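Working notes, structure below.
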Amino acid sequence: MSISTQLRDDEVKTAVKFWIDKVIVGLNFCPFAKKEMERNTVRFAIFPTTQVNDALSQLLEELALLDQQLDIQTTLLIFPLGFAEFENYLDMLELANSIISQGGYAGIYQLASFHPDYCFDGEDQNDPANYTNRSPYPILHILRESSIETVLKRYPQPESIPENNIAKARELGSSFLKALLK
């Protein structure tokens with residue numbers, strides 16, 4: 001890996017960590033993220049690919065790695081150069097979810113999706129609610145199902161998390177949230 005590639009990876013990781021700190025943890029969009037960040041159990045895997053097949057190969061490699069390294073609770077597969085078009089990202093996400101369900105990983109891992117232009121189906125592009133899933137780069141977030149089940153047992157009314165996040169995002173407004181992503 002060249003020095004310029006390493007610098008670029010460091011910049012990407014710094015931007016994603018800033019986003020997690022200010023948006024995901026700071027606005028409490030994920031009430032479980034802070035603990036994992038503090039425990040250093042989040043893996044930041046940066047892949048410069050722009051090709052779907054390469055991204056899916058990386059996903060498979062990460063799943064195999066997570067199978068072996070139980071101390072990693074979650075992985076963020078970050079694509080700083082690829083999938084800038086949200087529709088292309090969604091196509092890749094659909095294939096990635098097929099790998100999870102058809103590859104023997106259902107019930108073991110699940111994916112959460114984040115993208116700079118994230119837009120919930122049927123919502124206006126400018127709806128502040130979209131910022132609950134907007135990130136500095138396209139990201140596939142691999143979560144361990146067992147970890148999710150454990151934390152949800154201790155969290156009161158976990159089904160209210162998405163609705164609470166949407167309400168908070170709409171209260172804060174697009175301008176405020178957009179500024180956090182810069």
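Residues are referred to by chain and number: the chain letter is A, B, ... according to the order shown in the structure tokens, the number counts from 1 in that chain, and ligands are numbered separately from 1 in the order shown.
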With a cut-off of 9 Å, could you pull out the residues of stretch 12-97 of chain A touching stretch 133-146 of chain A and give me the nearest pair of atoms for each, distance in Å to one decimal, using only C-alpha atoms, ordered by chain and ascending number, as CSV?
residue,atom,partner,partner_atom,distance
A:Val12,CA,A:Tyr137,CA,8.2
A:Ala15,CA,A:Pro136,CA,6.8
A:Val16,CA,A:Pro136,CA,6.4
A:Trp19,CA,A:Ser135,CA,6.9
A:Ile20,CA,A:Ser135,CA,8.7
A:Leu59,CA,A:Leu140,CA,8.6
A:Glu62,CA,A:Ile142,CA,8.6
A:Leu63,CA,A:Ile142,CA,8.2
A:Leu66,CA,A:Arg144,CA,8.7
A:Gln73,CA,A:Arg144,CA,6.5
A:Thr74,CA,A:Leu143,CA,5.0
A:Thr75,CA,A:Ile142,CA,5.2
A:Leu76,CA,A:His141,CA,4.6
A:Leu77,CA,A:Leu140,CA,5.0
A:Ile78,CA,A:Ile139,CA,4.6
A:Phe79,CA,A:Pro138,CA,5.4
A:Pro80,CA,A:Tyr137,CA,5.5
A:Leu81,CA,A:Tyr137,CA,8.3
A:Gly82,CA,A:Pro138,CA,7.6
A:Phe83,CA,A:Pro138,CA,6.6
A:Ala84,CA,A:Pro138,CA,7.0
A:Phe86,CA,A:Pro138,CA,8.6
A:Tyr89,CA,A:Pro138,CA,7.4
A:Leu93,CA,A:Leu140,CA,7.6
A:Ala96,CA,A:Leu140,CA,8.7
Mind listing the alpha helix (DSSP H) residues of stretch 32-117 of chain A, per DSSP on the backbone, as JSON, numbers by chain? {"A": [33, 34, 35, 36, 37, 38, 39, 52, 53, 54, 55, 56, 57, 58, 59, 60, 61, 62, 63, 64, 65, 66, 67, 68, 86, 87, 88, 89, 90, 91, 92, 93, 94, 95, 96, 97, 98, 99, 100, 101, 102]}
Residues as selected, C-alpha atoms, written as a PDB file, in the first residue's frame, can you do that?
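After the write, again23.pdb holds the following:
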ATOM      1  CA  ALA A  33     -22.808   2.484  18.983  1.00  0.00           C
ATOM      2  CA  LYS A  34     -21.074   4.433  21.752  1.00  0.00           C
ATOM      3  CA  LYS A  35     -20.256   1.323  23.765  1.00  0.00           C
ATOM      4  CA  GLU A  36     -18.750  -0.482  20.772  1.00  0.00           C
ATOM      5  CA  MET A  37     -16.726   2.565  19.746  1.00  0.00           C
ATOM      6  CA  GLU A  38     -15.369   2.896  23.290  1.00  0.00           C
ATOM      7  CA  ARG A  39     -14.576  -0.830  23.406  1.00  0.00           C
ATOM      8  CA  VAL A  52     -20.143  -4.691  -7.665  1.00  0.00           C
ATOM      9  CA  ASN A  53     -18.445  -8.093  -7.912  1.00  0.00           C
ATOM     10  CA  ASP A  54     -15.389  -6.794  -6.060  1.00  0.00           C
ATOM     11  CA  ALA A  55     -17.590  -5.265  -3.355  1.00  0.00           C
ATOM     12  CA  LEU A  56     -19.445  -8.545  -2.904  1.00  0.00           C
ATOM     13  CA  SER A  57     -16.150 -10.446  -2.733  1.00  0.00           C
ATOM     14  CA  GLN A  58     -15.030  -8.041  -0.005  1.00  0.00           C
ATOM     15  CA  LEU A  59     -18.292  -8.662   1.838  1.00  0.00           C
ATOM     16  CA  LEU A  60     -17.662 -12.415   1.745  1.00  0.00           C
ATOM     17  CA  GLU A  61     -14.113 -11.896   3.023  1.00  0.00           C
ATOM     18  CA  GLU A  62     -15.417  -9.739   5.881  1.00  0.00           C
ATOM     19  CA  LEU A  63     -18.020 -12.344   6.826  1.00  0.00           C
ATOM     20  CA  ALA A  64     -15.284 -14.985   6.939  1.00  0.00           C
ATOM     21  CA  LEU A  65     -13.130 -12.657   9.049  1.00  0.00           C
ATOM     22  CA  LEU A  66     -15.993 -12.025  11.473  1.00  0.00           C
ATOM     23  CA  ASP A  67     -16.536 -15.785  11.735  1.00  0.00           C
ATOM     24  CA  GLN A  68     -12.916 -16.091  12.886  1.00  0.00           C
ATOM     25  CA  PHE A  86     -27.650   5.872  -4.760  1.00  0.00           C
ATOM     26  CA  GLU A  87     -29.514   3.564  -7.180  1.00  0.00           C
ATOM     27  CA  ASN A  88     -26.278   1.695  -7.980  1.00  0.00           C
ATOM     28  CA  TYR A  89     -25.610   1.385  -4.256  1.00  0.00           C
ATOM     29  CA  LEU A  90     -29.118  -0.035  -3.710  1.00  0.00           C
ATOM     30  CA  ASP A  91     -28.517  -2.615  -6.455  1.00  0.00           C
ATOM     31  CA  MET A  92     -25.294  -3.681  -4.732  1.00  0.00           C
ATOM     32  CA  LEU A  93     -27.078  -3.743  -1.343  1.00  0.00           C
ATOM     33  CA  GLU A  94     -29.759  -6.037  -2.733  1.00  0.00           C
ATOM     34  CA  LEU A  95     -27.105  -8.484  -3.952  1.00  0.00           C
ATOM     35  CA  ALA A  96     -25.284  -8.226  -0.614  1.00  0.00           C
ATOM     36  CA  ASN A  97     -28.484  -9.080   1.242  1.00  0.00           C
ATOM     37  CA  SER A  98     -28.932 -12.078  -1.090  1.00  0.00           C
ATOM     38  CA  ILE A  99     -25.472 -13.272  -0.104  1.00  0.00           C
ATOM     39  CA  ILE A 100     -26.456 -13.022   3.565  1.00  0.00           C
ATOM     40  CA  SER A 101     -29.724 -14.901   3.097  1.00  0.00           C
ATOM     41  CA  GLN A 102     -28.595 -17.498   0.555  1.00  0.00           C
TER      42      GLN A 102
END
Would you list the contacts of stretch 177-181 of chain A as a ChimeraX atom specification, taking every protein, DNA or RNA residue within 12 Å and counting only C-alpha atoms, but skipping same-chain residues closer than 3 positions in sequence? /A:15-24,26-27,115-117,126-137,168-174
Suppose we keep N, CA and C atoms; can you now write the selection as an mmCIF file, in the first residue's frame?
data_model
loop_
_atom_site.group_PDB
_atom_site.id
_atom_site.type_symbol
_atom_site.label_atom_id
_atom_site.label_comp_id
_atom_site.auth_asym_id
_atom_site.auth_seq_id
_atom_site.Cartn_x
_atom_site.Cartn_y
_atom_site.Cartn_z
ATOM 1 N N ALA A 15 -13.093 10.661 8.677
ATOM 2 C CA ALA A 15 -14.409 11.220 8.334
ATOM 3 C C ALA A 15 -15.538 10.334 8.861
ATOM 4 N N VAL A 16 -15.382 9.025 8.739
ATOM 5 C CA VAL A 16 -16.423 8.108 9.212
ATOM 6 C C VAL A 16 -16.501 8.128 10.733
ATOM 7 N N LYS A 17 -15.363 8.149 11.401
ATOM 8 C CA LYS A 17 -15.382 8.233 12.866
ATOM 9 C C LYS A 17 -16.020 9.540 13.343
ATOM 10 N N PHE A 18 -15.731 10.637 12.651
ATOM 11 C CA PHE A 18 -16.339 11.928 12.992
ATOM 12 C C PHE A 18 -17.859 11.841 12.848
ATOM 13 N N TRP A 19 -18.325 11.256 11.760
ATOM 14 C CA TRP A 19 -19.760 11.069 11.521
ATOM 15 C C TRP A 19 -20.387 10.229 12.632
ATOM 16 N N ILE A 20 -19.732 9.140 12.996
ATOM 17 C CA ILE A 20 -20.263 8.295 14.076
ATOM 18 C C ILE A 20 -20.346 9.099 15.367
ATOM 19 N N ASP A 21 -19.273 9.827 15.670
ATOM 20 C CA ASP A 21 -19.226 10.601 16.908
ATOM 21 C C ASP A 21 -20.292 11.698 16.940
ATOM 22 N N LYS A 22 -20.424 12.450 15.867
ATOM 23 C CA LYS A 22 -21.320 13.612 15.858
ATOM 24 C C LYS A 22 -22.771 13.265 15.530
ATOM 25 N N VAL A 23 -22.984 12.292 14.670
ATOM 26 C CA VAL A 23 -24.338 11.982 14.226
ATOM 27 C C VAL A 23 -24.883 10.732 14.908
ATOM 28 N N ILE A 24 -24.228 9.616 14.696
ATOM 29 C CA ILE A 24 -24.758 8.339 15.185
ATOM 30 C C ILE A 24 -24.779 8.288 16.710
ATOM 31 N N GLY A 26 -23.626 11.069 18.743
ATOM 32 C CA GLY A 26 -23.968 12.399 19.241
ATOM 33 C C GLY A 26 -25.454 12.688 19.252
ATOM 34 N N LEU A 27 -26.170 12.225 18.241
ATOM 35 C CA LEU A 27 -27.616 12.423 18.184
ATOM 36 C C LEU A 27 -28.376 11.196 18.684
ATOM 37 N N HIS A 115 -25.514 5.852 3.103
ATOM 38 C CA HIS A 115 -25.056 6.433 1.841
ATOM 39 C C HIS A 115 -25.190 7.953 1.933
ATOM 40 N N PRO A 116 -24.306 8.694 1.280
ATOM 41 C CA PRO A 116 -24.403 10.166 1.309
ATOM 42 C C PRO A 116 -25.731 10.716 0.777
ATOM 43 N N ASP A 117 -26.363 10.001 -0.149
ATOM 44 C CA ASP A 117 -27.626 10.449 -0.738
ATOM 45 C C ASP A 117 -28.799 9.559 -0.335
ATOM 46 N N ASN A 126 -35.306 15.706 0.195
ATOM 47 C CA ASN A 126 -34.932 16.722 1.171
ATOM 48 C C ASN A 126 -35.496 16.482 2.567
ATOM 49 N N ASP A 127 -36.203 15.386 2.769
ATOM 50 C CA ASP A 127 -36.755 15.083 4.096
ATOM 51 C C ASP A 127 -35.600 14.859 5.074
ATOM 52 N N PRO A 128 -35.575 15.584 6.181
ATOM 53 C CA PRO A 128 -34.505 15.407 7.170
ATOM 54 C C PRO A 128 -34.390 13.967 7.689
ATOM 55 N N ALA A 129 -35.460 13.196 7.627
ATOM 56 C CA ALA A 129 -35.430 11.799 8.097
ATOM 57 C C ALA A 129 -34.368 10.979 7.368
ATOM 58 N N ASN A 130 -34.074 11.338 6.125
ATOM 59 C CA ASN A 130 -33.065 10.605 5.353
ATOM 60 C C ASN A 130 -31.687 10.666 6.014
ATOM 61 N N TYR A 131 -31.451 11.707 6.804
ATOM 62 C CA TYR A 131 -30.140 11.870 7.442
ATOM 63 C C TYR A 131 -29.868 10.825 8.522
ATOM 64 N N THR A 132 -30.879 10.084 8.922
ATOM 65 C CA THR A 132 -30.610 9.000 9.877
ATOM 66 C C THR A 132 -29.769 7.909 9.233
ATOM 67 N N ASN A 133 -29.750 7.865 7.893
ATOM 68 C CA ASN A 133 -28.970 6.859 7.168
ATOM 69 C C ASN A 133 -27.998 7.475 6.159
ATOM 70 N N ARG A 134 -27.748 8.768 6.296
ATOM 71 C CA ARG A 134 -26.763 9.404 5.423
ATOM 72 C C ARG A 134 -25.407 9.392 6.105
ATOM 73 N N SER A 135 -24.395 9.130 5.310
ATOM 74 C CA SER A 135 -23.027 8.985 5.804
ATOM 75 C C SER A 135 -22.075 9.685 4.846
ATOM 76 N N PRO A 136 -20.822 9.859 5.247
ATOM 77 C CA PRO A 136 -19.875 10.530 4.353
ATOM 78 C C PRO A 136 -19.555 9.735 3.087
ATOM 79 N N TYR A 137 -19.669 8.417 3.142
ATOM 80 C CA TYR A 137 -19.362 7.520 2.026
ATOM 81 C C TYR A 137 -20.388 6.394 2.010
ATOM 82 N N LYS A 168 -36.550 13.088 15.595
ATOM 83 C CA LYS A 168 -35.424 13.953 15.985
ATOM 84 C C LYS A 168 -34.813 14.624 14.758
ATOM 85 N N ALA A 169 -34.626 13.863 13.685
ATOM 86 C CA ALA A 169 -34.048 14.421 12.461
ATOM 87 C C ALA A 169 -34.931 15.530 11.901
ATOM 88 N N ARG A 170 -36.213 15.298 11.907
ATOM 89 C CA ARG A 170 -37.125 16.325 11.382
ATOM 90 C C ARG A 170 -37.140 17.554 12.275
ATOM 91 N N GLU A 171 -37.003 17.345 13.562
ATOM 92 C CA GLU A 171 -36.942 18.480 14.495
ATOM 93 C C GLU A 171 -35.677 19.307 14.268
ATOM 94 N N LEU A 172 -34.553 18.638 14.045
ATOM 95 C CA LEU A 172 -33.277 19.334 13.843
ATOM 96 C C LEU A 172 -33.209 20.019 12.480
ATOM 97 N N GLY A 173 -33.800 19.399 11.478
ATOM 98 C CA GLY A 173 -33.842 19.979 10.141
ATOM 99 C C GLY A 173 -32.651 19.613 9.271
ATOM 100 N N SER A 174 -32.883 19.676 7.968
ATOM 101 C CA SER A 174 -31.873 19.287 6.984
ATOM 102 C C SER A 174 -30.610 20.137 7.049
#
Could you jot down the atom CA of A:Asn28 to atom CA of A:Leu152 separation for me, Å, one decimal place? 15.0 Å
